[in-house]
Amino acid sequence: MALTQVKSQLMSASEIDRTLVRLAHEILERTEDLDQLAFVGIRRRGVPLAQRLAAKIQTLERREIPVGILDISLYRDDLSTIDHKPVVNATDIPFSIQGRDIILMDDVLYTGRTIRAALDALFHHGRPARVQLLVLIDRGHRELPIEAQYVGRTVQTTSSEIIEVKFAEVDETEKVLLVERVSEAVQGS
């Protein structure tokens with residue numbers, strides 16, 4: 001069984017917040033029509049990311065950006081390897097995505113497979129005018145041709161390393177960690 005150990009803390013709560021302020025400004029600079037903009041967070045940690053960025057834009061521009069929640073459980077390409085009865089959580093997109101500029105959000109971009117599944121799930125709800133991707137951390141190692149237009153931080157990792165994003169809304173703590181898989185033999189010594 002693989003266990004993990006923390007190698008380093010990549011971001012503190014204040015660094016996460018500063019990064020989100022920067023990303024909010026980047027979104028505002030690159031968006032032509034804020035009335036057509038909507039955020040969709042990939043369930044779990046993409047959701048607080050989308051909600052926080054919408055709140056920052058609300059503060060900066062005094063306009064509300066709609067936020068949706070996307071569950072990709074049934075769209076994953078590794079569904080058969082996870083469980084024969086996957087846990088499906090609700091998708092909640094309380095607005096039409098038809099013709100909108102959607103910014104899809106997730107905490108970490110790695111192989112690209114989660115984003116591929118998210119695009120399938122999103123297009124099940126309609127056809128947006130444009131879909132862009134925002135991630136807090138891009139760690140490389142792509143298996144699919146997926147690229148984020150908005151990136152909080154790029155972190156080069158090895159295949160034995162994992163990025164753990166902790167948000168208060170989900171984890172009751174706020175930080176980004178670099179952890180490494182270690183074998184039980186190493187753990188026990």
# chains A, B, ... in the order shown; residues from 1 in each chain; ligands from 1
>>> select_by_dssp(residues="range 87-187 of chain A", states="strand (DSSP E or B)", output="VMD selection string")
chain A and resid 92 101 to 109 130 to 138 150 to 154 161 to 166 175 to 182
>>> write_last_selection(atoms="C-alpha atoms", output="mmCIF file, in the first residue's frame")
data_model
loop_
_atom_site.group_PDB
_atom_site.id
_atom_site.type_symbol
_atom_site.label_atom_id
_atom_site.label_comp_id
_atom_site.auth_asym_id
_atom_site.auth_seq_id
_atom_site.Cartn_x
_atom_site.Cartn_y
_atom_site.Cartn_z
ATOM 1 C CA ASP A 92 -26.006 21.955 -10.420
ATOM 2 C CA ASP A 101 -18.326 31.879 -22.331
ATOM 3 C CA ILE A 102 -17.625 29.208 -19.723
ATOM 4 C CA ILE A 103 -14.533 29.061 -17.572
ATOM 5 C CA LEU A 104 -14.183 25.510 -16.309
ATOM 6 C CA MET A 105 -12.263 25.321 -13.023
ATOM 7 C CA ASP A 106 -10.318 22.654 -11.165
ATOM 8 C CA ASP A 107 -7.641 22.656 -8.495
ATOM 9 C CA VAL A 108 -4.881 20.663 -10.246
ATOM 10 C CA LEU A 109 -4.220 19.926 -13.918
ATOM 11 C CA ARG A 130 -16.335 29.062 -25.727
ATOM 12 C CA VAL A 131 -14.838 26.986 -22.928
ATOM 13 C CA GLN A 132 -11.631 28.019 -21.196
ATOM 14 C CA LEU A 133 -9.820 26.249 -18.376
ATOM 15 C CA LEU A 134 -8.591 27.721 -15.096
ATOM 16 C CA VAL A 135 -6.521 25.701 -12.620
ATOM 17 C CA LEU A 136 -4.824 26.653 -9.393
ATOM 18 C CA ILE A 137 -1.859 24.334 -10.082
ATOM 19 C CA ASP A 138 -0.563 22.932 -13.376
ATOM 20 C CA TYR A 150 -5.508 30.590 -16.619
ATOM 21 C CA VAL A 151 -2.931 29.055 -14.265
ATOM 22 C CA GLY A 152 -2.320 30.037 -10.653
ATOM 23 C CA ARG A 153 1.075 28.366 -10.478
ATOM 24 C CA THR A 154 3.059 25.861 -12.538
ATOM 25 C CA GLU A 161 4.875 13.302 -6.328
ATOM 26 C CA ILE A 162 1.318 14.501 -5.734
ATOM 27 C CA ILE A 163 -0.090 17.998 -5.334
ATOM 28 C CA GLU A 164 -2.655 18.251 -2.536
ATOM 29 C CA VAL A 165 -4.821 21.355 -2.546
ATOM 30 C CA LYS A 166 -6.606 21.965 0.739
ATOM 31 C CA LYS A 175 -2.782 25.296 1.800
ATOM 32 C CA VAL A 176 -1.181 23.566 -1.159
ATOM 33 C CA LEU A 177 1.216 20.725 -0.405
ATOM 34 C CA LEU A 178 3.729 18.748 -2.423
ATOM 35 C CA VAL A 179 3.673 15.170 -1.129
ATOM 36 C CA GLU A 180 5.529 12.075 -2.243
ATOM 37 C CA ARG A 181 4.446 8.458 -2.390
ATOM 38 C CA VAL A 182 6.568 6.243 -0.155
#
>>> closest_atom_pairs(of="range 38-77 of chain A", to="range 113-117 of chain A", cutoff="12 Å", atoms="only C-alpha atoms", output="JSON lines")
{"residue": "A:Val40", "atom": "CA", "partner": "A:Ile115", "partner_atom": "CA", "distance": 11.8}
{"residue": "A:Gly41", "atom": "CA", "partner": "A:Ile115", "partner_atom": "CA", "distance": 11.0}
{"residue": "A:Ile42", "atom": "CA", "partner": "A:Ile115", "partner_atom": "CA", "distance": 8.7}
{"residue": "A:Arg43", "atom": "CA", "partner": "A:Thr114", "partner_atom": "CA", "distance": 10.6}
{"residue": "A:Arg44", "atom": "CA", "partner": "A:Thr114", "partner_atom": "CA", "distance": 11.9}
{"residue": "A:Gly46", "atom": "CA", "partner": "A:Ile115", "partner_atom": "CA", "distance": 11.1}
{"residue": "A:Leu70", "atom": "CA", "partner": "A:Ala117", "partner_atom": "CA", "distance": 10.3}
{"residue": "A:Asp71", "atom": "CA", "partner": "A:Ala117", "partner_atom": "CA", "distance": 9.5}
{"residue": "A:Ile72", "atom": "CA", "partner": "A:Ala117", "partner_atom": "CA", "distance": 6.1}
{"residue": "A:Ser73", "atom": "CA", "partner": "A:Ala117", "partner_atom": "CA", "distance": 8.4}
{"residue": "A:Leu74", "atom": "CA", "partner": "A:Ala117", "partner_atom": "CA", "distance": 8.5}
{"residue": "A:Tyr75", "atom": "CA", "partner": "A:Ala117", "partner_atom": "CA", "distance": 5.0}
{"residue": "A:Arg76", "atom": "CA", "partner": "A:Ala117", "partner_atom": "CA", "distance": 5.3}
{"residue": "A:Asp77", "atom": "CA", "partner": "A:Ala117", "partner_atom": "CA", "distance": 7.3}
>>> atom_distance(atom1="CA of Ile57 in chain A", atom2="CA of Met11 in chain A")
21.9 Å
>>> closest_atom_pairs(of="range 36-126 of chain A", to="range 24-30 of chain A", cutoff="10 Å", atoms="only C-alpha atoms", output="tab-separated table")
residue	atom	partner	partner_atom	distance
A:Leu37	CA	A:Ile27	CA	9.7
A:Arg52	CA	A:Ala24	CA	9.4
A:Leu53	CA	A:Ala24	CA	6.0
A:Ala54	CA	A:Ala24	CA	8.1
A:Ala55	CA	A:Ala24	CA	9.4
A:Lys56	CA	A:Ala24	CA	6.5
A:Ile57	CA	A:Ala24	CA	6.1
A:Gln58	CA	A:Ala24	CA	9.9
A:Leu60	CA	A:His25	CA	8.7
A:Glu61	CA	A:Leu28	CA	8.8
A:Ile103	CA	A:Ile27	CA	9.1
>>> select_by_dssp(residues="range 1-143 of chain A", states="alpha helix (DSSP H)", output="compact mmCIF listing (two decimals) with C-alpha atoms, in the first residue's frame")
# COMPACT_ATOMS: atom_id res chain seq x y z
CA ALA A 13 -3.71 30.58 2.66
CA SER A 14 -2.56 34.14 1.92
CA GLU A 15 -0.63 33.00 -1.18
CA ILE A 16 -3.73 31.20 -2.45
CA ASP A 17 -5.80 34.34 -1.92
CA ARG A 18 -3.26 36.57 -3.71
CA THR A 19 -3.18 34.12 -6.60
CA LEU A 20 -6.98 34.21 -6.86
CA VAL A 21 -6.93 38.02 -6.91
CA ARG A 22 -4.45 37.89 -9.81
CA LEU A 23 -6.55 35.30 -11.65
CA ALA A 24 -9.70 37.42 -11.19
CA HIS A 25 -7.90 40.39 -12.76
CA GLU A 26 -6.67 38.21 -15.65
CA ILE A 27 -10.22 37.01 -16.30
CA LEU A 28 -11.51 40.59 -16.32
CA GLU A 29 -8.74 41.72 -18.69
CA ARG A 30 -9.38 38.91 -21.18
CA GLY A 46 -13.01 23.21 -8.43
CA VAL A 47 -16.25 24.36 -6.81
CA PRO A 48 -14.78 26.58 -4.04
CA LEU A 49 -12.30 27.89 -6.62
CA ALA A 50 -15.18 29.00 -8.89
CA GLN A 51 -17.18 30.44 -5.98
CA ARG A 52 -14.23 32.41 -4.65
CA LEU A 53 -13.34 33.85 -8.05
CA ALA A 54 -16.96 34.86 -8.64
CA ALA A 55 -16.93 36.64 -5.26
CA LYS A 56 -13.69 38.46 -6.13
CA ILE A 57 -15.14 39.66 -9.45
CA GLN A 58 -18.33 40.71 -7.63
CA THR A 59 -16.17 42.87 -5.34
CA LEU A 60 -14.11 44.33 -8.19
CA GLU A 61 -16.84 44.91 -10.79
CA LEU A 79 -14.89 4.41 -14.21
CA SER A 80 -14.61 0.61 -14.35
CA THR A 81 -11.39 0.66 -12.32
CA ILE A 82 -12.79 2.85 -9.53
CA ARG A 113 -8.26 13.12 -18.23
CA THR A 114 -10.41 14.88 -15.61
CA ILE A 115 -10.81 17.85 -17.93
CA ARG A 116 -11.73 15.60 -20.87
CA ALA A 117 -14.44 14.02 -18.72
CA ALA A 118 -15.58 17.47 -17.59
CA LEU A 119 -15.91 18.66 -21.18
CA ASP A 120 -18.05 15.62 -22.00
CA ALA A 121 -20.24 16.30 -18.96
CA LEU A 122 -20.46 20.01 -19.73
CA PHE A 123 -21.49 19.51 -23.36
>>> closest_residue(among="A:Gln36, A:Ser159, A:Thr111, A:Thr173", to="Ser96 in chain A", atoms="only C-alpha atoms")
A:Gln36
>>> atom_distance(atom1="CA of His124 in chain A", atom2="CA of Leu34 in chain A")
23.6 Å
>>> closest_residue(among="A:Gln5, A:Tyr110, A:Pro128, A:Gly99", to="Arg142 in chain A", atoms="only C-alpha atoms")
A:Tyr110
>>> residues_around(residues="His125 in chain A", least_positions_apart="6", cutoff="9 Å", atoms="only C-alpha atoms", output="list in words")
Ile93, Ser96, Ile97 and Gln98 of chain A
